Amino acid sequence: MSAPPAQLSLRRPDDWHVHLRDGALLQAVAPVTAAQFGRAIVMPNLSPPITTVAAAQAYRQRILAALPDGSGFTPLLTAYLTDTIDPAELEGGFAEGVFTACKLYPANATTNSAAGVSDLAKLTAVFETLERIGMPLLIHGEVTDTEIDIFDREAVFIERHLQPLLLRHPGLKVVFEHITTAEAAAFVAGSGPNLAATITPHHLHINRNALFRGGLRPDFYCLPVAKREHHRLALRAAAISGDPSFFLGTDSAPHPRHAKEAACGCAGIFNAPYAIESYALAFEQEGALDRLEAFASEFGPRFYGLSPNEERITLVREAQLVPARLHRNDAAGEAVELVPFHAGELLPWRLA
Ligand code: NCD
Ligand code: ZN
Ligand code: ZN
């Protein structure tokens, strides 16, 4: 393998799946994502979830207010699908440019998904609308059936729900979010251009052993949970394949440290602070740094029908130590304590 370059210039990447939260956490994490990315698809799983155009407009204002002056960051908002959501609200919000996409959480699949969809059959009118107007449907693809082993819930979702949905609505544009299995990667690669997938940095770096290395490690717990090593390798192969169906989506999902280090700890990994550095490391390890820009900055906008960013970023080959914890003070001066992904590790790349 030839020596890595001293620096790497890419179009500014976008994050096609992020949790910016609300309140003190929003204040803490929105500037972190905005420092790395030009745009981001912002998840709607707040409490209460974002289900109306008015709620999305208000949330967008709160996000923009949390950014430093002069930030060029653009949040792209999503609507949270429920069993009873009105397709007209989605269509109106999409036409106004308030909603970029809809998000489908199977009820109780993950954080703040209790109000999610209990049965896809109830949403036929919604899917017909999305298909007609070309509004993307983003899916947390796991079955919630507790009889199904947690490590199999994504693969089972494909056969029980995703494949039948795509057959019923062949014109629907779907993003299979944060894929974690070889089955998902193969399914997306074998489907047409209407199906894409996001891949997180953590699923490129860890397998399920990380959760149990030397003891229980809540910092590596997220949903869908990391799988066996062969799945991680399949995700790496998909990410570097040059197939435009696979693009960057961090699923950065911050929870305060005390909420993760608890008897019933929250699912979610906070990877926003070193996200592009983390992807760069994975691509370098695969000898595929020349494919990073397309994955990080081109395939996402292409799927969403947007132009890629013109601005560029530079990654410098300069080792940096990731701190064990990040502290941010909220408006009331209270510290929000977060553990970043790669805590305590040396990363070889640094965003200039
Ligand atoms: C996300 C969260 O905390 O909002 N958690 C996670 O583990 N990924 C929800 C999600 O994306 O499923
Ligand atoms: Zn999810
Ligand atoms: Zn997520």
# chains A, B, ... in the order shown; residues from 1 in each chain; ligands from 1
>>> select_by_dssp(residues="stretch 57-89 of chain A", states="strand (DSSP E)", output="MDAnalysis selection string")
chainID A and resid 74:80
>>> write_last_selection(atoms="N, CA, C and O atoms", output="PDB file, in the first residue's frame")
ATOM      1  N   THR A  74     -26.931  24.156   6.723  1.00  0.00           N
ATOM      2  CA  THR A  74     -28.361  24.074   6.391  1.00  0.00           C
ATOM      3  C   THR A  74     -28.975  22.808   6.966  1.00  0.00           C
ATOM      4  O   THR A  74     -28.642  21.705   6.531  1.00  0.00           O
ATOM      5  N   PRO A  75     -29.889  22.953   7.933  1.00  0.00           N
ATOM      6  CA  PRO A  75     -30.603  21.768   8.422  1.00  0.00           C
ATOM      7  C   PRO A  75     -31.738  21.401   7.466  1.00  0.00           C
ATOM      8  O   PRO A  75     -32.480  22.280   7.013  1.00  0.00           O
ATOM      9  N   LEU A  76     -31.859  20.132   7.150  1.00  0.00           N
ATOM     10  CA  LEU A  76     -32.939  19.636   6.292  1.00  0.00           C
ATOM     11  C   LEU A  76     -33.851  18.804   7.188  1.00  0.00           C
ATOM     12  O   LEU A  76     -33.413  17.809   7.769  1.00  0.00           O
ATOM     13  N   LEU A  77     -35.102  19.228   7.300  1.00  0.00           N
ATOM     14  CA  LEU A  77     -35.971  18.623   8.314  1.00  0.00           C
ATOM     15  C   LEU A  77     -36.802  17.472   7.771  1.00  0.00           C
ATOM     16  O   LEU A  77     -37.070  17.363   6.573  1.00  0.00           O
ATOM     17  N   THR A  78     -37.213  16.629   8.702  1.00  0.00           N
ATOM     18  CA  THR A  78     -37.974  15.436   8.348  1.00  0.00           C
ATOM     19  C   THR A  78     -39.249  15.373   9.186  1.00  0.00           C
ATOM     20  O   THR A  78     -39.314  15.922  10.289  1.00  0.00           O
ATOM     21  N   ALA A  79     -40.234  14.686   8.636  1.00  0.00           N
ATOM     22  CA  ALA A  79     -41.509  14.495   9.331  1.00  0.00           C
ATOM     23  C   ALA A  79     -41.552  13.088   9.910  1.00  0.00           C
ATOM     24  O   ALA A  79     -41.169  12.120   9.252  1.00  0.00           O
ATOM     25  N   TYR A  80     -42.031  12.993  11.132  1.00  0.00           N
ATOM     26  CA  TYR A  80     -42.110  11.711  11.864  1.00  0.00           C
ATOM     27  C   TYR A  80     -43.451  11.057  11.546  1.00  0.00           C
ATOM     28  O   TYR A  80     -44.510  11.631  11.831  1.00  0.00           O
TER      29      TYR A  80
END
>>> closest_atom_pairs(of="stretch 41-123 of chain A", to="stretch 175-179 of chain A", cutoff="12 Å", atoms="only C-alpha atoms", output="JSON lines")
{"residue": "A:Ile41", "atom": "CA", "partner": "A:Glu177", "partner_atom": "CA", "distance": 11.4}
{"residue": "A:Met43", "atom": "CA", "partner": "A:Glu177", "partner_atom": "CA", "distance": 11.1}
{"residue": "A:Ala101", "atom": "CA", "partner": "A:Val175", "partner_atom": "CA", "distance": 9.8}
{"residue": "A:Cys102", "atom": "CA", "partner": "A:Val175", "partner_atom": "CA", "distance": 10.1}
{"residue": "A:Lys103", "atom": "CA", "partner": "A:Val175", "partner_atom": "CA", "distance": 9.4}
{"residue": "A:Leu104", "atom": "CA", "partner": "A:Glu177", "partner_atom": "CA", "distance": 10.0}
{"residue": "A:Tyr105", "atom": "CA", "partner": "A:Glu177", "partner_atom": "CA", "distance": 10.5}
>>> closest_residue(among="A:His169, A:His231, A:Arg236, A:Arg312", to="A:Ala184", atoms="only C-alpha atoms")
A:His231
>>> closest_atom_pairs(of="stretch 27-136 of chain A", to="stretch 187-199 of chain A", cutoff="12 Å", atoms="only C-alpha atoms", output="tab-separated table")
residue	atom	partner	partner_atom	distance
A:Ile41	CA	A:Thr198	CA	11.3
A:Glu131	CA	A:Asn194	CA	10.4
A:Gly134	CA	A:Asn194	CA	10.1
A:Met135	CA	A:Asn194	CA	11.2
A:Pro136	CA	A:Asn194	CA	9.1
>>> closest_residue(among="A:Glu334, A:Tyr279, A:Thr51, A:Asn329", to="A:Leu347", atoms="only C-alpha atoms")
A:Tyr279
>>> residues_near_ligand(ligand="ligand 1", cutoff="9 Å", atoms="only C-alpha atoms and all ligand atoms", output="short mmCIF file (atom, residue, chain, number, x, y, z; two decimals) with C-alpha atoms, in the first residue's frame")
data_model
loop_
_atom_site.label_atom_id
_atom_site.label_comp_id
_atom_site.auth_asym_id
_atom_site.auth_seq_id
_atom_site.Cartn_x
_atom_site.Cartn_y
_atom_site.Cartn_z
CA HIS A 17 -28.81 11.19 9.19
CA VAL A 18 -28.23 13.06 12.43
CA HIS A 19 -29.94 13.67 15.78
CA LEU A 20 -29.56 17.29 16.84
CA ARG A 21 -31.96 16.96 19.82
CA MET A 43 -34.16 13.33 12.62
CA PRO A 44 -37.60 14.19 14.01
CA ASN A 45 -37.63 11.90 17.08
CA LEU A 46 -37.97 14.68 19.61
CA TYR A 105 -39.84 4.38 12.96
CA ALA A 109 -37.94 0.20 17.69
CA THR A 110 -35.62 2.85 19.14
CA THR A 111 -35.29 6.15 21.10
CA ASN A 112 -38.55 8.18 21.08
CA SER A 113 -40.32 5.87 18.68
CA HIS A 140 -35.27 2.61 10.70
CA GLU A 177 -30.97 4.07 7.37
CA HIS A 178 -27.83 3.10 9.30
CA TYR A 221 -24.49 0.66 22.36
CA CYS A 222 -26.67 1.98 19.59
CA LEU A 223 -29.56 0.74 17.48
CA PRO A 224 -29.41 -1.14 15.28
CA VAL A 225 -26.83 -2.80 17.50
CA ASP A 251 -26.56 8.65 13.05
CA SER A 252 -24.77 10.77 15.65
CA ALA A 253 -27.19 10.26 18.57
CA PRO A 254 -25.99 12.04 21.72
CA HIS A 255 -27.29 11.15 25.14
CA CYS A 266 -29.91 4.79 26.15
CA ALA A 267 -29.03 3.65 22.63
CA GLY A 268 -26.96 6.06 20.57
CA ILE A 269 -23.36 6.95 19.77
#
>>> closest_residue(among="A:Thr181, A:Thr200, A:Thr314, A:Ser71", to="ligand 3", atoms="only C-alpha atoms and all ligand atoms")
A:Thr200
>>> residues_around(residues="A:Glu91", least_positions_apart="6", cutoff="9 Å", atoms="only C-alpha atoms", output="list in words")
Phe99, Thr129, Leu130, Ile133 and Met135 of chain A
